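Colleague: upload07.txt is reproduced below (compact mmCIF, C-alpha atoms and all ligand atoms).
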```txt
# COMPACT_ATOMS: atom_id res chain seq x y z
CA MET A 1039 -97.23 -94.91 9.70
CA ASN A 1040 -101.00 -94.66 9.91
CA ALA A 1041 -102.55 -91.79 8.01
CA ILE A 1042 -103.00 -88.70 10.17
CA ASP A 1043 -106.53 -87.44 10.65
CA TRP A 1044 -105.61 -83.79 10.06
CA SER A 1045 -108.97 -82.31 10.91
CA ASN A 1046 -109.14 -84.02 14.31
CA LEU A 1047 -105.73 -83.16 15.73
CA SER A 1048 -105.61 -81.75 19.25
CA PHE A 1049 -103.11 -79.23 20.61
CA GLY A 1050 -100.84 -81.95 21.95
CA TYR A 1051 -97.62 -83.84 21.27
CA MET A 1052 -97.34 -86.26 18.38
CA LYS A 1053 -94.09 -88.05 17.60
CA THR A 1054 -92.48 -86.93 14.35
CA ASP A 1055 -89.42 -88.33 12.54
CA TYR A 1056 -86.62 -86.09 13.80
CA ASN A 1057 -85.60 -83.33 16.18
CA VAL A 1058 -82.52 -81.19 15.63
CA ARG A 1059 -79.88 -80.28 18.22
CA SER A 1060 -76.92 -77.95 18.68
CA TYR A 1061 -74.60 -78.10 21.70
CA TYR A 1062 -72.67 -75.22 23.23
CA LYS A 1063 -69.25 -76.19 24.57
CA ASP A 1064 -65.96 -74.32 24.93
CA GLY A 1065 -67.58 -71.14 23.66
CA LYS A 1066 -68.92 -72.63 20.41
CA TRP A 1067 -72.26 -73.91 19.11
CA SER A 1068 -72.07 -77.17 17.16
CA THR A 1069 -73.57 -77.56 13.68
CA PRO A 1070 -77.25 -78.49 14.17
CA ALA A 1071 -77.68 -82.26 13.75
CA GLU A 1072 -80.79 -84.41 13.59
CA THR A 1073 -81.69 -87.32 15.81
CA THR A 1074 -84.64 -89.69 16.01
CA SER A 1075 -84.36 -89.91 19.80
CA GLU A 1076 -87.08 -88.24 21.85
CA SER A 1077 -84.91 -88.33 24.98
CA ILE A 1078 -82.06 -86.25 26.28
CA ASP A 1079 -79.37 -87.75 28.49
CA ILE A 1080 -78.15 -85.07 30.88
CA HIS A 1081 -76.21 -84.86 34.13
CA MET A 1082 -78.36 -84.95 37.27
CA ALA A 1083 -76.69 -81.74 38.46
CA ALA A 1084 -77.50 -79.82 35.24
CA THR A 1085 -78.50 -76.20 35.95
CA CYS A 1086 -81.76 -76.54 34.01
CA LEU A 1087 -82.97 -79.03 36.61
CA HIS A 1088 -81.94 -77.13 39.73
CA TYR A 1089 -81.75 -73.44 38.93
CA GLY A 1090 -84.23 -73.00 36.13
CA GLN A 1091 -81.83 -72.29 33.26
CA GLU A 1092 -84.46 -73.10 30.64
CA ALA A 1093 -86.04 -70.99 27.92
CA PHE A 1094 -88.32 -71.93 25.06
CA GLU A 1095 -90.07 -70.51 22.02
CA GLY A 1096 -93.22 -71.33 20.08
CA LEU A 1097 -93.90 -70.65 16.41
CA LYS A 1098 -95.75 -72.27 13.54
CA ALA A 1099 -95.39 -73.45 9.96
CA PHE A 1100 -98.33 -73.55 7.54
CA ARG A 1101 -98.92 -75.16 4.17
CA GLY A 1102 -100.39 -72.82 1.58
CA LYS A 1103 -102.79 -73.38 -1.29
CA ASP A 1104 -99.66 -73.45 -3.48
CA GLY A 1105 -98.30 -76.36 -1.43
CA LYS A 1106 -95.43 -74.25 -0.06
CA ILE A 1107 -94.52 -74.26 3.62
CA ARG A 1108 -94.43 -70.88 5.36
CA ILE A 1109 -92.85 -70.21 8.75
CA PHE A 1110 -94.17 -67.14 10.54
CA ARG A 1111 -91.76 -64.53 11.99
CA MET A 1112 -88.93 -66.94 12.79
CA HIS A 1113 -86.43 -64.11 13.06
CA ASP A 1114 -88.43 -62.44 15.83
CA ASN A 1115 -88.51 -65.69 17.80
CA ALA A 1116 -84.73 -65.97 17.42
CA LEU A 1117 -84.26 -62.47 18.84
CA ARG A 1118 -86.67 -63.14 21.69
CA MET A 1119 -84.78 -66.30 22.61
CA GLN A 1120 -81.60 -64.21 22.76
CA SER A 1121 -83.27 -61.89 25.21
CA SER A 1122 -84.24 -64.95 27.30
CA CYS A 1123 -80.57 -66.07 27.19
CA HIS A 1124 -79.46 -62.70 28.57
CA GLY A 1125 -82.22 -62.73 31.19
CA ILE A 1126 -81.10 -65.95 32.86
CA MET A 1127 -77.39 -65.89 31.94
CA MET A 1128 -77.35 -68.62 29.32
CA ALA A 1129 -74.90 -68.59 26.42
CA GLU A 1130 -76.35 -66.37 23.68
CA LEU A 1131 -77.76 -68.43 20.84
CA PRO A 1132 -76.83 -66.89 17.47
CA VAL A 1133 -79.83 -66.01 15.27
CA GLU A 1134 -78.31 -68.09 12.45
CA VAL A 1135 -78.11 -71.23 14.62
CA PHE A 1136 -81.72 -70.70 15.72
CA GLU A 1137 -82.93 -70.28 12.14
CA GLU A 1138 -80.86 -73.12 10.69
CA THR A 1139 -82.12 -75.50 13.39
CA VAL A 1140 -85.76 -74.51 12.89
CA LEU A 1141 -85.53 -74.83 9.10
CA LYS A 1142 -83.87 -78.21 9.35
CA ALA A 1143 -86.45 -79.52 11.83
CA VAL A 1144 -89.34 -78.44 9.57
CA LYS A 1145 -87.69 -79.75 6.41
CA LEU A 1146 -86.94 -83.16 7.90
CA ASN A 1147 -90.52 -83.45 9.14
CA GLU A 1148 -92.16 -82.00 6.04
CA ARG A 1149 -94.66 -84.84 5.85
CA PHE A 1150 -96.13 -83.69 9.19
CA VAL A 1151 -97.04 -80.21 7.94
CA PRO A 1152 -100.85 -80.36 7.71
CA PRO A 1153 -102.51 -79.74 4.33
CA TYR A 1154 -103.98 -76.37 3.39
CA GLY A 1155 -107.58 -76.03 4.48
CA SER A 1156 -107.37 -78.53 7.36
CA GLY A 1157 -107.16 -75.71 9.90
CA ALA A 1158 -104.16 -77.51 11.39
CA SER A 1159 -100.51 -76.37 11.39
CA LEU A 1160 -97.06 -77.51 12.44
CA TYR A 1161 -96.12 -76.23 15.89
CA ILE A 1162 -92.39 -75.62 16.31
CA ARG A 1163 -90.90 -75.77 19.80
CA PRO A 1164 -87.32 -74.52 20.27
CA LEU A 1165 -85.82 -75.28 23.70
CA LEU A 1166 -82.61 -74.09 25.33
CA ILE A 1167 -81.28 -75.62 28.57
CA GLY A 1168 -78.22 -75.35 30.79
CA LEU A 1169 -76.18 -78.57 31.03
CA GLY A 1170 -73.17 -79.67 33.02
CA ALA A 1171 -72.74 -80.44 36.70
CA GLN A 1172 -73.05 -77.40 38.94
CA VAL A 1173 -73.93 -77.37 42.62
CA GLY A 1174 -73.30 -73.75 43.51
CA VAL A 1175 -75.75 -71.20 42.12
CA LYS A 1176 -74.08 -70.14 38.91
CA PRO A 1177 -74.75 -70.37 35.19
CA ALA A 1178 -73.78 -73.51 33.30
CA ASN A 1179 -70.86 -73.54 30.92
CA GLU A 1180 -72.55 -75.98 28.53
CA TYR A 1181 -75.95 -75.73 26.82
CA LEU A 1182 -78.25 -77.67 24.55
CA PHE A 1183 -80.50 -76.03 21.98
CA LEU A 1184 -83.06 -78.32 20.38
CA VAL A 1185 -86.06 -77.94 18.12
CA PHE A 1186 -88.89 -80.42 17.86
CA VAL A 1187 -92.09 -80.06 15.88
CA THR A 1188 -95.55 -81.52 16.20
CA PRO A 1189 -98.71 -81.11 14.09
CA VAL A 1190 -101.48 -79.36 16.02
CA GLY A 1191 -105.16 -78.94 15.33
CA PRO A 1192 -107.16 -75.77 14.96
CA TYR A 1193 -107.38 -74.07 18.35
CA PHE A 1194 -111.10 -73.44 17.98
CA LYS A 1195 -112.95 -76.65 17.37
CA GLU A 1196 -116.36 -74.99 17.75
CA GLY A 1197 -115.35 -71.83 15.93
CA PHE A 1198 -114.08 -68.48 17.07
CA LYS A 1199 -116.13 -68.22 20.30
CA PRO A 1200 -115.47 -65.77 23.16
CA THR A 1201 -114.67 -67.28 26.59
CA PRO A 1202 -114.68 -65.72 30.09
CA VAL A 1203 -111.43 -64.89 31.96
CA ALA A 1204 -110.85 -64.24 35.67
CA ILE A 1205 -108.87 -61.76 37.72
CA LEU A 1206 -107.54 -63.60 40.79
CA ARG A 1207 -106.01 -61.00 43.09
CA GLY A 1208 -104.25 -63.60 45.27
CA PHE A 1209 -101.75 -64.47 42.54
CA ASP A 1210 -98.98 -62.82 40.52
CA ARG A 1211 -97.33 -64.35 37.47
CA ALA A 1212 -94.17 -62.24 37.43
CA ALA A 1213 -92.67 -59.36 39.42
CA PRO A 1214 -92.29 -55.87 37.90
CA LEU A 1215 -88.49 -56.17 37.72
CA GLY A 1216 -88.46 -59.96 37.46
CA THR A 1217 -88.52 -62.37 34.54
CA GLY A 1218 -91.96 -61.63 33.05
CA THR A 1219 -90.51 -60.25 29.82
CA ILE A 1220 -88.64 -63.43 28.89
CA LYS A 1221 -90.01 -66.79 27.80
CA ILE A 1222 -88.84 -69.19 30.48
CA GLY A 1223 -90.39 -72.22 32.13
CA GLY A 1224 -90.14 -70.62 35.58
CA ASN A 1225 -92.87 -68.12 34.70
CA TYR A 1226 -95.12 -70.98 33.68
CA ALA A 1227 -94.46 -72.93 36.89
CA ALA A 1228 -95.41 -69.75 38.78
CA SER A 1229 -98.72 -69.54 36.91
CA LEU A 1230 -99.93 -73.15 37.25
CA VAL A 1231 -101.82 -72.85 40.55
CA ALA A 1232 -103.77 -69.75 39.49
CA GLY A 1233 -104.38 -71.16 36.00
CA ASN A 1234 -105.70 -74.39 37.43
CA LYS A 1235 -107.96 -72.53 39.83
CA ALA A 1236 -109.38 -70.42 36.99
CA HIS A 1237 -110.01 -73.52 34.86
CA GLU A 1238 -111.80 -75.24 37.74
CA MET A 1239 -114.05 -72.20 38.02
CA GLY A 1240 -114.90 -72.40 34.33
CA TYR A 1241 -112.61 -69.65 33.00
CA SER A 1242 -110.28 -70.06 30.05
CA ALA A 1243 -107.46 -68.07 31.67
CA VAL A 1244 -106.34 -65.73 34.43
CA LEU A 1245 -106.04 -62.07 33.51
CA TYR A 1246 -103.17 -60.86 35.71
CA LEU A 1247 -103.01 -57.36 37.16
CA ASP A 1248 -99.68 -55.57 37.63
CA ALA A 1249 -98.05 -57.09 40.72
CA LYS A 1250 -97.09 -53.79 42.36
CA GLU A 1251 -100.27 -51.73 42.41
CA LYS A 1252 -102.89 -54.28 41.36
CA LYS A 1253 -104.44 -51.52 39.30
CA TYR A 1254 -103.43 -52.11 35.70
CA LEU A 1255 -103.93 -55.03 33.34
CA ASP A 1256 -100.84 -57.13 32.61
CA GLU A 1257 -101.56 -60.18 30.48
CA CYS A 1258 -103.36 -63.51 30.49
CA GLY A 1259 -101.32 -66.55 31.63
CA PRO A 1260 -99.74 -67.51 28.30
CA ALA A 1261 -101.21 -64.76 26.10
CA ASN A 1262 -101.17 -60.96 25.79
CA PHE A 1263 -104.32 -58.86 26.19
CA PHE A 1264 -105.86 -56.28 23.86
CA GLY A 1265 -109.03 -54.20 23.93
CA ILE A 1266 -110.82 -52.37 21.12
CA LYS A 1267 -112.77 -49.12 21.36
CA ASN A 1268 -113.28 -46.03 19.19
CA ASN A 1269 -111.36 -47.56 16.27
CA THR A 1270 -108.35 -48.02 18.60
CA TYR A 1271 -106.32 -51.14 19.42
CA ILE A 1272 -105.20 -50.87 23.04
CA THR A 1273 -102.67 -53.21 24.66
CA PRO A 1274 -100.98 -52.92 28.09
CA LEU A 1275 -97.49 -51.52 28.53
CA SER A 1276 -95.85 -53.16 31.54
CA SER A 1277 -92.43 -54.32 32.73
CA SER A 1278 -93.74 -57.79 33.52
CA ILE A 1279 -95.40 -58.98 30.30
CA LEU A 1280 -93.95 -61.10 27.55
CA PRO A 1281 -93.58 -59.29 24.22
CA SER A 1282 -95.94 -61.42 22.12
CA ILE A 1283 -95.06 -61.60 18.44
CA THR A 1284 -98.73 -62.14 17.60
CA ASN A 1285 -99.60 -58.95 19.47
CA LYS A 1286 -96.85 -57.04 17.66
CA SER A 1287 -98.23 -58.33 14.35
CA LEU A 1288 -101.81 -57.39 15.22
CA MET A 1289 -100.72 -53.87 16.23
CA GLN A 1290 -99.18 -53.49 12.78
CA LEU A 1291 -102.24 -54.88 11.01
CA ALA A 1292 -104.55 -52.64 13.05
CA GLU A 1293 -102.48 -49.67 11.95
CA ASP A 1294 -102.59 -50.88 8.34
CA MET A 1295 -106.40 -50.98 8.62
CA GLY A 1296 -106.45 -47.34 9.65
CA MET A 1297 -106.95 -47.92 13.38
CA LYS A 1298 -105.11 -46.10 16.13
CA VAL A 1299 -102.78 -48.23 18.24
CA GLU A 1300 -102.08 -47.49 21.90
CA ARG A 1301 -99.57 -49.31 24.05
CA ARG A 1302 -99.97 -47.92 27.54
CA GLN A 1303 -101.06 -48.70 31.08
CA VAL A 1304 -104.65 -49.96 31.05
CA PRO A 1305 -106.52 -49.55 34.37
CA GLU A 1306 -108.84 -52.42 35.24
CA GLU A 1307 -111.92 -50.14 35.17
CA GLU A 1308 -111.29 -49.40 31.51
CA LEU A 1309 -112.55 -52.94 30.81
CA ALA A 1310 -116.06 -51.47 31.14
CA THR A 1311 -115.42 -49.34 28.05
CA PHE A 1312 -114.09 -51.93 25.58
CA GLU A 1313 -116.26 -52.94 22.62
CA GLU A 1314 -114.11 -56.04 22.09
CA ALA A 1315 -111.18 -57.71 23.84
CA GLY A 1316 -109.05 -60.77 23.31
CA GLN A 1317 -106.12 -62.92 24.35
CA VAL A 1318 -103.38 -63.19 21.75
CA GLY A 1319 -100.63 -65.71 21.10
CA THR A 1320 -99.25 -68.16 18.57
CA ALA A 1321 -101.55 -71.03 19.60
CA ALA A 1322 -104.88 -69.31 18.81
CA VAL A 1323 -103.85 -65.97 17.22
CA ILE A 1324 -106.87 -64.34 18.92
CA SER A 1325 -109.07 -65.88 21.56
CA PRO A 1326 -111.93 -63.40 22.05
CA ILE A 1327 -112.95 -62.52 25.61
CA LEU A 1328 -116.58 -62.84 26.61
CA ARG A 1329 -116.40 -61.35 30.10
CA VAL A 1330 -113.85 -60.51 32.77
CA ASP A 1331 -114.75 -61.36 36.36
CA ASP A 1332 -112.73 -59.79 39.19
CA ILE A 1333 -113.47 -62.60 41.63
CA ASP A 1334 -112.19 -61.07 44.88
CA GLU A 1335 -113.78 -57.66 44.25
CA ASN A 1336 -117.00 -59.23 43.04
CA LYS A 1337 -117.01 -57.17 39.84
CA SER A 1338 -117.87 -58.28 36.36
CA TYR A 1339 -117.14 -56.62 33.02
CA VAL A 1340 -119.16 -57.95 30.09
CA ILE A 1341 -117.22 -57.46 26.86
CA SER A 1342 -119.20 -59.38 24.25
CA LYS A 1343 -122.87 -58.46 24.57
CA ASP A 1344 -124.13 -61.11 22.13
CA GLY A 1345 -121.63 -63.86 22.92
CA ASN A 1346 -119.92 -63.63 19.54
CA ALA A 1347 -116.53 -62.38 18.41
CA GLY A 1348 -116.62 -58.72 17.41
CA PRO A 1349 -116.06 -57.42 13.86
CA VAL A 1350 -112.60 -55.91 14.50
CA SER A 1351 -111.23 -59.05 16.18
CA THR A 1352 -112.63 -61.14 13.33
CA ARG A 1353 -111.07 -58.92 10.69
CA LEU A 1354 -107.67 -58.92 12.43
CA TYR A 1355 -107.81 -62.68 12.93
CA ASN A 1356 -108.65 -63.39 9.29
CA LYS A 1357 -105.97 -61.03 8.03
CA LEU A 1358 -103.22 -62.58 10.15
CA LYS A 1359 -104.28 -66.16 9.33
CA GLY A 1360 -104.37 -65.14 5.66
CA ILE A 1361 -100.77 -63.93 5.75
CA GLN A 1362 -99.62 -67.04 7.62
CA GLN A 1363 -101.22 -69.37 5.09
CA GLY A 1364 -100.13 -67.39 2.06
CA ASP A 1365 -103.63 -66.24 1.03
CA GLU A 1366 -102.77 -62.59 1.73
CA PRO A 1367 -99.65 -60.76 0.53
CA ASP A 1368 -96.78 -60.74 3.03
CA THR A 1369 -96.19 -57.00 2.84
CA HIS A 1370 -94.11 -56.82 6.05
CA GLY A 1371 -91.71 -59.66 5.25
CA TRP A 1372 -92.95 -61.85 8.10
CA VAL A 1373 -92.95 -65.16 6.29
CA THR A 1374 -90.05 -67.50 5.46
CA ILE A 1375 -90.87 -69.91 2.66
CA LEU A 1376 -89.16 -73.27 3.11
CA GLU A 1377 -86.90 -74.09 0.16
C1 LIG B 1401 -95.42 -67.05 24.42
C2 LIG B 1401 -96.19 -66.13 25.28
C3 LIG B 1401 -97.14 -65.23 24.76
C4 LIG B 1401 -97.52 -65.19 23.30
O1 LIG B 1401 -96.45 -64.84 22.48
P1 LIG B 1401 -96.52 -65.13 20.91
O2 LIG B 1401 -95.17 -64.74 20.42
O3 LIG B 1401 -97.58 -64.30 20.35
O4 LIG B 1401 -96.80 -66.59 20.77
C5 LIG B 1401 -97.78 -64.38 25.64
N1 LIG B 1401 -97.52 -64.39 26.96
C6 LIG B 1401 -96.63 -65.24 27.51
C7 LIG B 1401 -96.39 -65.21 28.96
C8 LIG B 1401 -95.93 -66.13 26.69
O5 LIG B 1401 -95.06 -66.98 27.24
```
Please, can you express the file's structure as C-alpha cells?
Ligand SMILES: *Cc1c(COP(=O)(O)O)cnc(C)c1O
Modeller:
Amino acid sequence: MNAIDWSNLSFGYMKTDYNVRSYYKDGKWSTPAETTSESIDIHMAATCLHYGQEAFEGLKAFRGKDGKIRIFRMHDNALRMQSSCHGIMMAELPVEVFEETVLKAVKLNERFVPPYGSGASLYIRPLLIGLGAQVGVKPANEYLFLVFVTPVGPYFKEGFKPTPVAILRGFDRAAPLGTGTIKIGGNYAASLVAGNKAHEMGYSAVLYLDAKEKKYLDECGPANFFGIKNNTYITPLSSSILPSITNKSLMQLAEDMGMKVERRQVPEEELATFEEAGQVGTAAVISPILRVDDIDENKSYVISKDGNAGPVSTRLYNKLKGIQQGDEPDTHGWVTILE
C-alpha cells in the first residue's frame, strides 16, 4: 500500500482492509464476521431496493496524543439505529451487535486511523438493509447489518469559516408525522433536488422550515441548526428533525459552560436576533452560518457581521473536538477507547 497523505484526505471513500457483517435470519443475528469484499450480493427483489428498507449511521474514531483510538458516542448511534429499525419495520438490531461490529471494523482497520494532529479521522458507516425476495409491500424477513470505515480529512480545509445557507420554500425534507426523526436513505433522496439547487446558487445547505406551517426552523439538509444569543444555546424542537448526537453533545457542553439551553420552536424571524448560528453534525461538528437567505420571500438575515466564526461557536467546537481526541477529560462518558 502507498503511504496515505493524511493531511490531504477529502471527505470521500477510500478502500480499507475489511468490513464487518452480521445477517439476520430466522429471528437471530449472526456473529459479526469480517470480509475483504466491497460488494454485497443480494436478491433483485430485496426490500431495500424497492421499498426503502435502509437505515444508516455515521460516527467517528480519533487517534489521541497518547496513540489510543477513541470512538465517540457509539452507544447513542446504536440506540438511534434501533429507532430507525422501528420506524421502517426492520428487525431490531441489538445494541451489543452494533457495538461489537463497529469495534471489530475499527480494530481490523486500525492502520487507517489517521495520526493525532493531522486533523483527519476515521469515519465509521454502519448500514442496515432489508434482504430477501418480496413483491408485495411488506417488511423483509432477512436483514444485513454491515459496518465499513474510511479515513476522512478535516472538514474545513480553509479553517472554520462561516458559509451562507438558503431557505427554499418550494421544498420539504420530511413531513411532520413522517420519517424525519430517523436516519434513513429515503430522507436523503427527498433532499437531493433542493440541496443541489442550493449548491448551484452558492449556498452550503438548505435550511428547511417546518413542512406544515412554513413558519419555524427545522434543520439543514444533513445537519441540525442552532443559534446563540444572550448566553443561550437555542435549537429547534420539531417532529420532523433528526436527533443529532453532535447537537445533543453541544447542548450539554453549553450547559457545562454556564449557558442556558433552549429546545423549542424557533420562528424564522428570530434569525434576525442571533449573534451566532451553525449547522451541526458528525462530519464537521459545527459549520458556522454566515447568512440565511429566504429566497422566495426575498429576505436576508446576516448572522456573522465580520465573516468569522463567533466566540461561543469556537469555544464549543474546540471543547467537543478536544473530548473526541482525548485532549479534554471525558466527563460525560462519551468516549470508548479501543482495546
Ligand atoms: C445524521 C444527521 C444529522 C447529524 O447527526 P449527528 O449524529 O450529529 O451526526 C443531522 N440531520 C440529519 C438529517 C442527519 O441525517
Colleague: Show me which residues are within 8 Å of ligand LIG 1401 (chain B) counting all atoms listed in the file, and format the list as a PyMOL selection string.
Modeller: chain A and resi 1095-1097+1115+1218-1222+1225-1226+1257-1262+1279-1286+1318-1321+1323
Colleague: So how many Å separate CA of Val1133 (chain A) and CA of Phe1183 (chain A), to one decimal?
Modeller: 12.1 Å
Colleague: So, with all atoms listed in the file as the atoms that count, which of A:Ile1324, A:Ile1266, A:Arg1149, A:Ser1287 lies closest to Glu1300 (chain A)?
Modeller: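 Closest residue, counting all atoms listed in the file: A:Ile1266.
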Colleague: Rank nothing, just name the residue among A:Ile1042, A:Leu1146, A:Met1127, A:Val1190 nearest to Tyr1056 (chain A), using all atoms listed in the file.
Modeller: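 Among A:Ile1042, A:Leu1146, A:Met1127, A:Val1190, it is A:Leu1146 that comes nearest to Tyr1056 (chain A).
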Colleague: Please report the interatomic distance between CA of Leu1245 (chain A) and CA of Ala1204 (chain A) in Å with one decimal.
Modeller: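 Computed distance, CA of Leu1245 (chain A) to CA of Ala1204 (chain A), equals 5.7 Å.
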Colleague: For the contact check between region 1203-1277 of chain A and region 1351-1374 of chain A, emit one row per residue of region 1203-1277 of chain A within 10 Å, containing the shortest atom pair and the distance in Å rounded to one decimal, counting only C-alpha atoms, chain then rising number order, as JSON lines.
Modeller:
```
{"residue": "A:Phe1264", "atom": "CA", "partner": "A:Ser1351", "partner_atom": "CA", "distance": 9.8}
{"residue": "A:Gly1265", "atom": "CA", "partner": "A:Ser1351", "partner_atom": "CA", "distance": 9.4}
{"residue": "A:Ile1266", "atom": "CA", "partner": "A:Ser1351", "partner_atom": "CA", "distance": 8.3}
{"residue": "A:Tyr1271", "atom": "CA", "partner": "A:Ser1351", "partner_atom": "CA", "distance": 9.9}
```
Colleague: To one decimal place, how far is CA of Leu1047 (chain A) from CA of Tyr1154 (chain A) in Å?
Modeller: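 According to the coordinates, CA of Leu1047 (chain A) and CA of Tyr1154 (chain A) are separated by 14.2 Å.
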Colleague: List every protein, DNA or RNA residue with an atom no more than 12 Å from (-83.5, -69.1, 36.8) in the file's coordinates, counting all atoms listed in the file, and format the result as an MDAnalysis selection string.
Modeller: chainID A and resid 1085:1093 1122:1128 1167:1168 1175:1178 1216:1218 1220:1225 1227
Colleague: I need the residue nearest Glu1137 (chain A) from this list: A:Pro1192, A:Tyr1061, A:Pro1070, A:Glu1076. Use all atoms listed in the file for the distance.
Modeller: A:Pro1070
Colleague: Calculated over all atoms listed in the file, which of the candidates A:Lys1106, A:Lys1252, A:His1237, A:Arg1059 has the smallest distance to Phe1209 (chain A)?
Modeller: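 Closest to Phe1209 (chain A), using all atoms listed in the file: A:Lys1252.
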Colleague: Could you model N, CA and C atoms for region 1243-1264 of chain A and present them as a PDB file, in the coordinates of the input?
Modeller:
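What landed in rebuild-v6.pdb:
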```
ATOM      1  N   ALA A1243    -108.779 -68.552  31.259  1.00  0.00           N
ATOM      2  CA  ALA A1243    -107.460 -68.070  31.670  1.00  0.00           C
ATOM      3  C   ALA A1243    -107.581 -67.083  32.828  1.00  0.00           C
ATOM      4  N   VAL A1244    -106.426 -66.787  33.426  1.00  0.00           N
ATOM      5  CA  VAL A1244    -106.340 -65.730  34.430  1.00  0.00           C
ATOM      6  C   VAL A1244    -105.888 -64.465  33.699  1.00  0.00           C
ATOM      7  N   LEU A1245    -106.539 -63.354  34.022  1.00  0.00           N
ATOM      8  CA  LEU A1245    -106.040 -62.070  33.510  1.00  0.00           C
ATOM      9  C   LEU A1245    -105.301 -61.434  34.692  1.00  0.00           C
ATOM     10  N   TYR A1246    -103.968 -61.373  34.599  1.00  0.00           N
ATOM     11  CA  TYR A1246    -103.170 -60.860  35.710  1.00  0.00           C
ATOM     12  C   TYR A1246    -103.170 -59.335  35.752  1.00  0.00           C
ATOM     13  N   LEU A1247    -103.184 -58.807  36.971  1.00  0.00           N
ATOM     14  CA  LEU A1247    -103.010 -57.360  37.160  1.00  0.00           C
ATOM     15  C   LEU A1247    -101.529 -57.118  37.454  1.00  0.00           C
ATOM     16  N   ASP A1248    -101.080 -55.875  37.311  1.00  0.00           N
ATOM     17  CA  ASP A1248     -99.680 -55.570  37.630  1.00  0.00           C
ATOM     18  C   ASP A1248     -99.438 -55.920  39.105  1.00  0.00           C
ATOM     19  N   ALA A1249     -98.286 -56.523  39.379  1.00  0.00           N
ATOM     20  CA  ALA A1249     -98.050 -57.090  40.720  1.00  0.00           C
ATOM     21  C   ALA A1249     -97.857 -56.005  41.784  1.00  0.00           C
ATOM     22  N   LYS A1250     -97.429 -54.820  41.382  1.00  0.00           N
ATOM     23  CA  LYS A1250     -97.090 -53.790  42.360  1.00  0.00           C
ATOM     24  C   LYS A1250     -98.310 -53.056  42.897  1.00  0.00           C
ATOM     25  N   GLU A1251     -99.126 -52.542  41.988  1.00  0.00           N
ATOM     26  CA  GLU A1251    -100.270 -51.730  42.410  1.00  0.00           C
ATOM     27  C   GLU A1251    -101.613 -52.445  42.323  1.00  0.00           C
ATOM     28  N   LYS A1252    -101.636 -53.551  41.580  1.00  0.00           N
ATOM     29  CA  LYS A1252    -102.890 -54.280  41.360  1.00  0.00           C
ATOM     30  C   LYS A1252    -103.975 -53.357  40.794  1.00  0.00           C
ATOM     31  N   LYS A1253    -103.553 -52.532  39.868  1.00  0.00           N
ATOM     32  CA  LYS A1253    -104.440 -51.520  39.300  1.00  0.00           C
ATOM     33  C   LYS A1253    -104.578 -51.672  37.795  1.00  0.00           C
ATOM     34  N   TYR A1254    -103.495 -52.071  37.164  1.00  0.00           N
ATOM     35  CA  TYR A1254    -103.430 -52.110  35.700  1.00  0.00           C
ATOM     36  C   TYR A1254    -103.424 -53.543  35.175  1.00  0.00           C
ATOM     37  N   LEU A1255    -103.931 -53.699  33.952  1.00  0.00           N
ATOM     38  CA  LEU A1255    -103.930 -55.030  33.340  1.00  0.00           C
ATOM     39  C   LEU A1255    -102.518 -55.381  32.880  1.00  0.00           C
ATOM     40  N   ASP A1256    -102.126 -56.634  33.101  1.00  0.00           N
ATOM     41  CA  ASP A1256    -100.840 -57.130  32.610  1.00  0.00           C
ATOM     42  C   ASP A1256    -101.109 -58.003  31.391  1.00  0.00           C
ATOM     43  N   GLU A1257    -101.231 -59.291  31.595  1.00  0.00           N
ATOM     44  CA  GLU A1257    -101.560 -60.180  30.480  1.00  0.00           C
ATOM     45  C   GLU A1257    -102.264 -61.409  31.010  1.00  0.00           C
ATOM     46  N   CYS A1258    -102.738 -62.252  30.093  1.00  0.00           N
ATOM     47  CA  CYS A1258    -103.360 -63.510  30.490  1.00  0.00           C
ATOM     48  C   CYS A1258    -102.221 -64.515  30.639  1.00  0.00           C
ATOM     49  N   GLY A1259    -102.397 -65.590  31.374  1.00  0.00           N
ATOM     50  CA  GLY A1259    -101.320 -66.550  31.630  1.00  0.00           C
ATOM     51  C   GLY A1259    -100.336 -66.667  30.485  1.00  0.00           C
ATOM     52  N   PRO A1260    -100.682 -67.338  29.404  1.00  0.00           N
ATOM     53  CA  PRO A1260     -99.740 -67.510  28.300  1.00  0.00           C
ATOM     54  C   PRO A1260    -100.074 -66.659  27.078  1.00  0.00           C
ATOM     55  N   ALA A1261    -100.790 -65.561  27.250  1.00  0.00           N
ATOM     56  CA  ALA A1261    -101.210 -64.760  26.100  1.00  0.00           C
ATOM     57  C   ALA A1261    -101.307 -63.281  26.488  1.00  0.00           C
ATOM     58  N   ASN A1262    -101.017 -62.404  25.557  1.00  0.00           N
ATOM     59  CA  ASN A1262    -101.170 -60.960  25.790  1.00  0.00           C
ATOM     60  C   ASN A1262    -102.648 -60.582  25.731  1.00  0.00           C
ATOM     61  N   PHE A1263    -102.948 -59.362  26.171  1.00  0.00           N
ATOM     62  CA  PHE A1263    -104.320 -58.860  26.190  1.00  0.00           C
ATOM     63  C   PHE A1263    -104.436 -57.647  25.260  1.00  0.00           C
ATOM     64  N   PHE A1264    -105.569 -57.525  24.571  1.00  0.00           N
ATOM     65  CA  PHE A1264    -105.860 -56.280  23.860  1.00  0.00           C
ATOM     66  C   PHE A1264    -107.337 -55.946  24.028  1.00  0.00           C
TER      67      PHE A1264
END
```
